[in-house]
Amino acid sequence: MDHRIKKGLTALLAACMLLSLAACGKDQDEDAEKLSGTVFVPEFIDMDLGKNGEVRGGCTDGTYIYLLTAKYPDWEAGEEGDTTYSILRLSVDGGEPEPLENFKMDAAPEGYDQSYVYLNGIRAGADGSIWVEESLSAYSYDLPEDFDPETGNIWEYDMLDSIEKNYHIQMDSTGAEITRVDVSGLQEKAGIDSMYSGGTLFDPKGNIYVSTDGKIVVLDSSLNVLFSVEDENFWGGDLTLLSDGSVGTTTTVQDAVNNTYTRQLRTIDTAAKDWGKSYDLPQDAYNTYSGTGAYLYYYMRGETLYGRKAEAEEGAEDDKLLNLLDADISADQISFVTFLEDGRAVIMAEAYGSATGRQETLAVLTPTPRSELPEKTTLTYATMYLSQDERNRIVDFNRSGTPYRIEVRDYSEYNTEEDYQAGIKKLNTEILAGKAPDIINTASLPIRQYGAKGILEDLWPFIEKDQDIGGREGLMDRVFTAAEQDGKLYQIFDAFSISTVTGSPSVVGDRTSWTLQDLQDALAKMPEGCAVFNEYNTKSNILTLVMSMNLDSFLNWDTGECRFDSEEFKALLAFCDNFPLEYDWESNQSDDYDEPTRIAEGRQMLVTEHISDFKSIQMQKAIFGGDIAYIGFPVEDGGVGSSFSVYSGLAMSASCADKEGAWTYMRQLLLPQYAGNENASHWGGHNGFPSNKADFQWMAEQSMIPDGYKTDEDGNQILDEDGNPIEESHSTWGIGNNFTISVYATKQEEYDQIMDLYNQVDRMSGSDNNVYDIVTEVSGSYFAGDRSLDDAASLIQNKVTTYVNESR
């Protein structure tokens, strides 16, 4: 294996970096501040180890970076053998990586028929040393003298003996062993039932800390228990080594008097053999890391790394140190981060994506005057809770060399313990006040209202001239047509699902639309006491469902017309009133959630569903014991009671600084990702059907390919009584109490039924929190019996009409 790691920094990448330390913590609109100051410029280190090679961990001592690497046999090419490990070292100042010349893997113990040696982690130690975690296991069997390992199966024989060993091995910078700590049986020695993954740590004195629920046990290097500390609010979290040599863990502290909760990093005092000093953490802080230099520890909050100074006064704010997105680093987990004495930072991070899988980044970040970087057009991107795929897409775009750069504004940072909607309210207020960002993630936002006010840009012209997408013809046009507003398209999305209600045709009929009276007639034929949906569905959450599906039927933002006093809306409120006001969670039974059992016993008639793939229909058919009908929710206008749903999309503001630049980023959602990609083995999206037509068709074709066919011991296909091969399933799905099915390739009739529904749906699920709040508040009095149906509908009509007129 070629262990060389290419290292370099291009001027192009340097031009992409926008992390301003001087502007850190400032208002995002202070453009003058953002044009000055210092930025971190990353020097990315390519960790591509070739086919079947990967980085298993890394650390730095401030002078060298150490990488624990593994190479697996290429089983597809017929290679055999065990995984081989090596440790590479490279200077933080550059140069080629070199294997540690004195590093040697432990040999397998003699006298055993099978043995395995694994290296599980690496960390920096004292005085330039490193620690490696090793696991060794070996087994002997009662084998006959003439046993041939090439042809025989060792698993057919009795096991005679086995050993399991775990070591923490300290090495110098050349890989030579300094000391070895045998931690085999650590869990038993600590006297705990379970050991939390990541909950074992060594301090500089050699003490071992082991965490489990409610307790941390401290042992010496000989595995003698020194003491333990307990806290019922501690639920077995990761341990953190602070720069002063103490060990801490995150926990939640309750103030019983004020009924509030505080997150803390709580340290352990080895001298007092008790809990030591505690440090308050923000509620949304996560993943604490060992500090360096002046900082006791680091932690992540959103995309930003914070540090706590040792001399900081109680109550003082922690320092914002590094926004990873601004440094073009995507991270769900940081393996290590260190700030060097000269101001540089070294970081290794891992990121995950539904289509990209696991990706690792190693970089040395150098403070650089912003004035030395070429200018780029900055496009602001507003979102709530940046997803993994969003983050990866933005980082890749910012590294791609375009003259544009995406700057993220994550409004979730404005949420508080008292108001989890504070961020979305602030974003909505700013947009309506004319301070719209260039690109907007549309999740939970009133897009129809924005469109009616002229806040958003029509995206059809961009799509129609985009040859790589293929114009309208390159998309699943029906779902985008449903998303239109007065012929204009204000948001795009990479995937969608269909929200519907499923039932048995023998009960609801073979159709895709019905009225409330139709539903009541069907329910009257069911056994006495049968519920429409599952037991935990209440009046309020059913109202949320039907409102999201029917909002556009009762509110037209373009004209300002409201129809909440219509007979159709009254019928929906009456439908919701059939459900319980509250669900008694304390007295619930396990089978309350077991829909297959409830349906089979006639205690439930329908199931709500979000269809997002071509194989879920098999589960629904199994639940209902035969054919199904996508009947949808009852509607009174003669339409289909199903709707298209999108988790989130992207919109462009009409005031966008550079619309062509914004489209350069946004169009990625609509480009084909899988069709024609020979490396794509399955649809990697986790949130629905692809909106790109080529990808949609590819997904359908893939779902209809059998996983394989049954064969006999000689490899010959087994045929059924008609002479056809018997399909084999390699996937099992389950729901409820032990209800499982084997999943097979999608049948043509199953595909046709889903497409028939798709071709009938003509509406989008929508959201408008302000309208929802009005409807929920007033309907609550109707559900409680304090207001008549007509009065409730009339009051909702008046309140929503007033709100709409004031907001248009």
# chains A, B, ... in the order shown; residues from 1 in each chain; ligands from 1

$ residues_around --residues "Phe234 (chain A)" --least-positions-apart "4" --cutoff "7 Å" --atoms "only C-alpha atoms" --output "JSON, numbers by chain"
{"A": [213, 214, 251, 252]}

$ select_by_dssp --residues "region 666-795 of chain A" --states "helix (DSSP H, G or I)" --output "count of residues only"
48

$ residues_around --residues "Thr366 (chain A)" --least-positions-apart "2" --cutoff "6 Å" --atoms "only C-alpha atoms" --output "JSON, numbers by chain"
{"A": [40, 41, 344]}

$ residues_around --residues "region 522-535 of chain A" --least-positions-apart "5" --cutoff "7 Å" --atoms "only C-alpha atoms" --output "VMD selection string"
chain A and resid 507 to 508 592 to 593 595 602 to 607

$ write_last_selection --atoms "C-alpha atoms" --output "JSON list (two decimals), in the first residue's frame"
[["chain", "number", "residue", "atom", "x", "y", "z"],
["A", 507, "VAL", "CA", -63.63, -1.42, 3.74],
["A", 508, "VAL", "CA", -62.97, 1.92, 2.02],
["A", 592, "ASP", "CA", -51.86, 0.64, 21.49],
["A", 593, "TYR", "CA", -48.99, 1.25, 19.07],
["A", 595, "GLU", "CA", -51.02, -1.25, 14.23],
["A", 602, "GLY", "CA", -60.70, -4.91, 13.76],
["A", 603, "ARG", "CA", -59.74, -2.26, 16.32],
["A", 604, "GLN", "CA", -58.28, 0.17, 13.74],
["A", 605, "MET", "CA", -59.49, 1.00, 10.24],
["A", 606, "LEU", "CA", -56.81, 3.19, 8.62],
["A", 607, "VAL", "CA", -53.08, 3.97, 8.68]]

$ residues_around --residues "Ile439 (chain A)" --least-positions-apart "5" --cutoff "8 Å" --atoms "only C-alpha atoms" --output "PyMOL selection string"
chain A and resi 379-382+650-653+656+662

$ write_last_selection --atoms "C-alpha atoms" --output "CSV table (one decimal), in the first residue's frame"
chain,number,residue,atom,x,y,z
A,379,LEU,CA,-24.2,34.7,-0.8
A,380,THR,CA,-26.0,34.4,2.6
A,381,TYR,CA,-27.8,31.1,3.3
A,382,ALA,CA,-30.4,31.0,6.1
A,650,LEU,CA,-34.4,26.1,-1.2
A,651,ALA,CA,-35.8,29.4,-2.2
A,652,MET,CA,-34.0,32.5,-3.7
A,653,SER,CA,-34.9,36.0,-2.5
A,656,CYS,CA,-30.5,38.2,-4.0
A,662,ALA,CA,-27.2,31.6,-6.1

$ select_by_dssp --residues "region 93-324 of chain A" --states "strand (DSSP E or B)" --output "JSON, numbers by chain"
{"A": [94, 95, 96, 97, 98, 99, 114, 115, 116, 117, 118, 119, 120, 121, 122, 123, 124, 130, 131, 132, 133, 134, 135, 136, 137, 138, 139, 140, 141, 159, 160, 161, 162, 163, 164, 165, 166, 167, 168, 169, 170, 171, 177, 178, 179, 180, 181, 182, 200, 201, 202, 208, 209, 210, 211, 212, 213, 214, 215, 216, 217, 218, 219, 225, 226, 227, 228, 229, 230, 231, 232, 233, 234, 235, 239, 240, 241, 247, 248, 249, 250, 251, 252, 253, 254, 255, 260, 261, 262, 263, 264, 265, 266, 267, 268, 269, 274, 275, 276, 277, 278, 279, 280, 281, 286, 287, 288, 289, 290, 295, 296, 297, 298, 299, 300, 301, 304, 305, 306, 307, 308, 309, 319, 320, 321, 322, 323]}

$ residues_around --residues "Ser540 (chain A)" --least-positions-apart "6" --cutoff "9 Å" --atoms "only C-alpha atoms" --output "PyMOL selection string"
chain A and resi 576-577+579+581-582+776+779-780+783

$ closest_residue --among "A:Asp328, A:Trp733, A:Asn578, A:Asp203" --to "Asn392 (chain A)" --atoms "only C-alpha atoms"
A:Asp328

$ residues_around --residues "Thr174 (chain A)" --least-positions-apart "4" --cutoff "12 Å" --atoms "only C-alpha atoms" --output "list in words"
Tyr64, Tyr66, Ile87, Leu88, Arg89, Leu90, Glu98, Pro99, Leu100, Glu101, Asn102, Phe103, Lys104, Gly128, Ser129, Ile130, Gln170 and Ile178 of chain A

$ write_last_selection --atoms "N, CA and C atoms" --output "mmCIF file, in the first residue's frame"
data_model
loop_
_atom_site.group_PDB
_atom_site.id
_atom_site.type_symbol
_atom_site.label_atom_id
_atom_site.label_comp_id
_atom_site.auth_asym_id
_atom_site.auth_seq_id
_atom_site.Cartn_x
_atom_site.Cartn_y
_atom_site.Cartn_z
ATOM 1 N N TYR A 64 4.046 16.859 15.805
ATOM 2 C CA TYR A 64 3.755 15.851 14.779
ATOM 3 C C TYR A 64 2.268 15.496 14.784
ATOM 4 N N TYR A 66 -0.071 12.189 14.056
ATOM 5 C CA TYR A 66 0.008 10.731 13.959
ATOM 6 C C TYR A 66 -1.330 10.200 13.424
ATOM 7 N N ILE A 87 1.169 3.095 11.661
ATOM 8 C CA ILE A 87 1.054 4.447 12.231
ATOM 9 C C ILE A 87 1.960 5.353 11.426
ATOM 10 N N LEU A 88 1.371 6.410 10.852
ATOM 11 C CA LEU A 88 2.123 7.364 10.059
ATOM 12 C C LEU A 88 2.352 8.631 10.877
ATOM 13 N N ARG A 89 3.506 9.251 10.663
ATOM 14 C CA ARG A 89 3.836 10.483 11.356
ATOM 15 C C ARG A 89 4.232 11.538 10.341
ATOM 16 N N LEU A 90 3.710 12.756 10.503
ATOM 17 C CA LEU A 90 4.131 13.865 9.653
ATOM 18 C C LEU A 90 4.169 15.134 10.485
ATOM 19 N N GLU A 98 5.703 9.486 7.303
ATOM 20 C CA GLU A 98 6.586 8.324 7.380
ATOM 21 C C GLU A 98 6.022 7.324 8.377
ATOM 22 N N PRO A 99 6.078 6.039 8.060
ATOM 23 C CA PRO A 99 5.669 5.027 9.051
ATOM 24 C C PRO A 99 6.634 5.048 10.229
ATOM 25 N N LEU A 100 6.131 4.855 11.428
ATOM 26 C CA LEU A 100 6.992 4.783 12.607
ATOM 27 C C LEU A 100 7.875 3.547 12.502
ATOM 28 N N GLU A 101 9.187 3.765 12.460
ATOM 29 C CA GLU A 101 10.105 2.675 12.144
ATOM 30 C C GLU A 101 10.141 1.578 13.195
ATOM 31 N N ASN A 102 9.818 1.913 14.425
ATOM 32 C CA ASN A 102 9.896 0.907 15.488
ATOM 33 C C ASN A 102 8.545 0.329 15.904
ATOM 34 N N PHE A 103 7.513 0.681 15.151
ATOM 35 C CA PHE A 103 6.184 0.165 15.487
ATOM 36 C C PHE A 103 6.020 -1.258 14.953
ATOM 37 N N LYS A 104 5.562 -2.140 15.824
ATOM 38 C CA LYS A 104 5.305 -3.519 15.427
ATOM 39 C C LYS A 104 4.002 -3.987 16.054
ATOM 40 N N GLY A 128 5.757 13.958 24.138
ATOM 41 C CA GLY A 128 5.887 13.509 22.757
ATOM 42 C C GLY A 128 5.547 12.057 22.527
ATOM 43 N N SER A 129 4.965 11.375 23.502
ATOM 44 C CA SER A 129 4.585 9.967 23.331
ATOM 45 C C SER A 129 3.172 9.861 22.778
ATOM 46 N N ILE A 130 2.810 8.660 22.362
ATOM 47 C CA ILE A 130 1.450 8.386 21.898
ATOM 48 C C ILE A 130 0.964 7.102 22.556
ATOM 49 N N GLN A 170 1.798 2.586 25.419
ATOM 50 C CA GLN A 170 2.450 3.880 25.228
ATOM 51 C C GLN A 170 3.716 3.689 24.413
ATOM 52 N N ILE A 178 7.007 2.002 25.275
ATOM 53 C CA ILE A 178 7.492 2.519 26.550
ATOM 54 C C ILE A 178 6.887 1.744 27.702
#

$ closest_atom_pairs --of "region 404-469 of chain A" --to "region 302-316 of chain A" --cutoff "10 Å" --atoms "only C-alpha atoms" --output "JSON lines"
{"residue": "A:Val408", "atom": "CA", "partner": "A:Glu303", "partner_atom": "CA", "distance": 9.5}
{"residue": "A:Asp410", "atom": "CA", "partner": "A:Gly302", "partner_atom": "CA", "distance": 7.9}
{"residue": "A:Ser412", "atom": "CA", "partner": "A:Gly302", "partner_atom": "CA", "distance": 8.3}
{"residue": "A:Glu413", "atom": "CA", "partner": "A:Gly302", "partner_atom": "CA", "distance": 7.4}

$ atom_distance --atom1 "CA of Glu457 (chain A)" --atom2 "CA of Ser655 (chain A)"
8.2 Å

$ closest_residue --among "A:Gly632, A:Gly560, A:Pro369, A:Pro374" --to "Val501 (chain A)" --atoms "only C-alpha atoms"
A:Gly632

$ closest_residue --among "A:Phe644, A:Tyr167, A:Tyr758, A:Phe480" --to "Gly121 (chain A)" --atoms "only C-alpha atoms"
A:Tyr167

$ closest_residue --among "A:Pro706, A:Pro144, A:Ala793, A:Gly248" --to "Ala571 (chain A)" --atoms "only C-alpha atoms"
A:Ala793
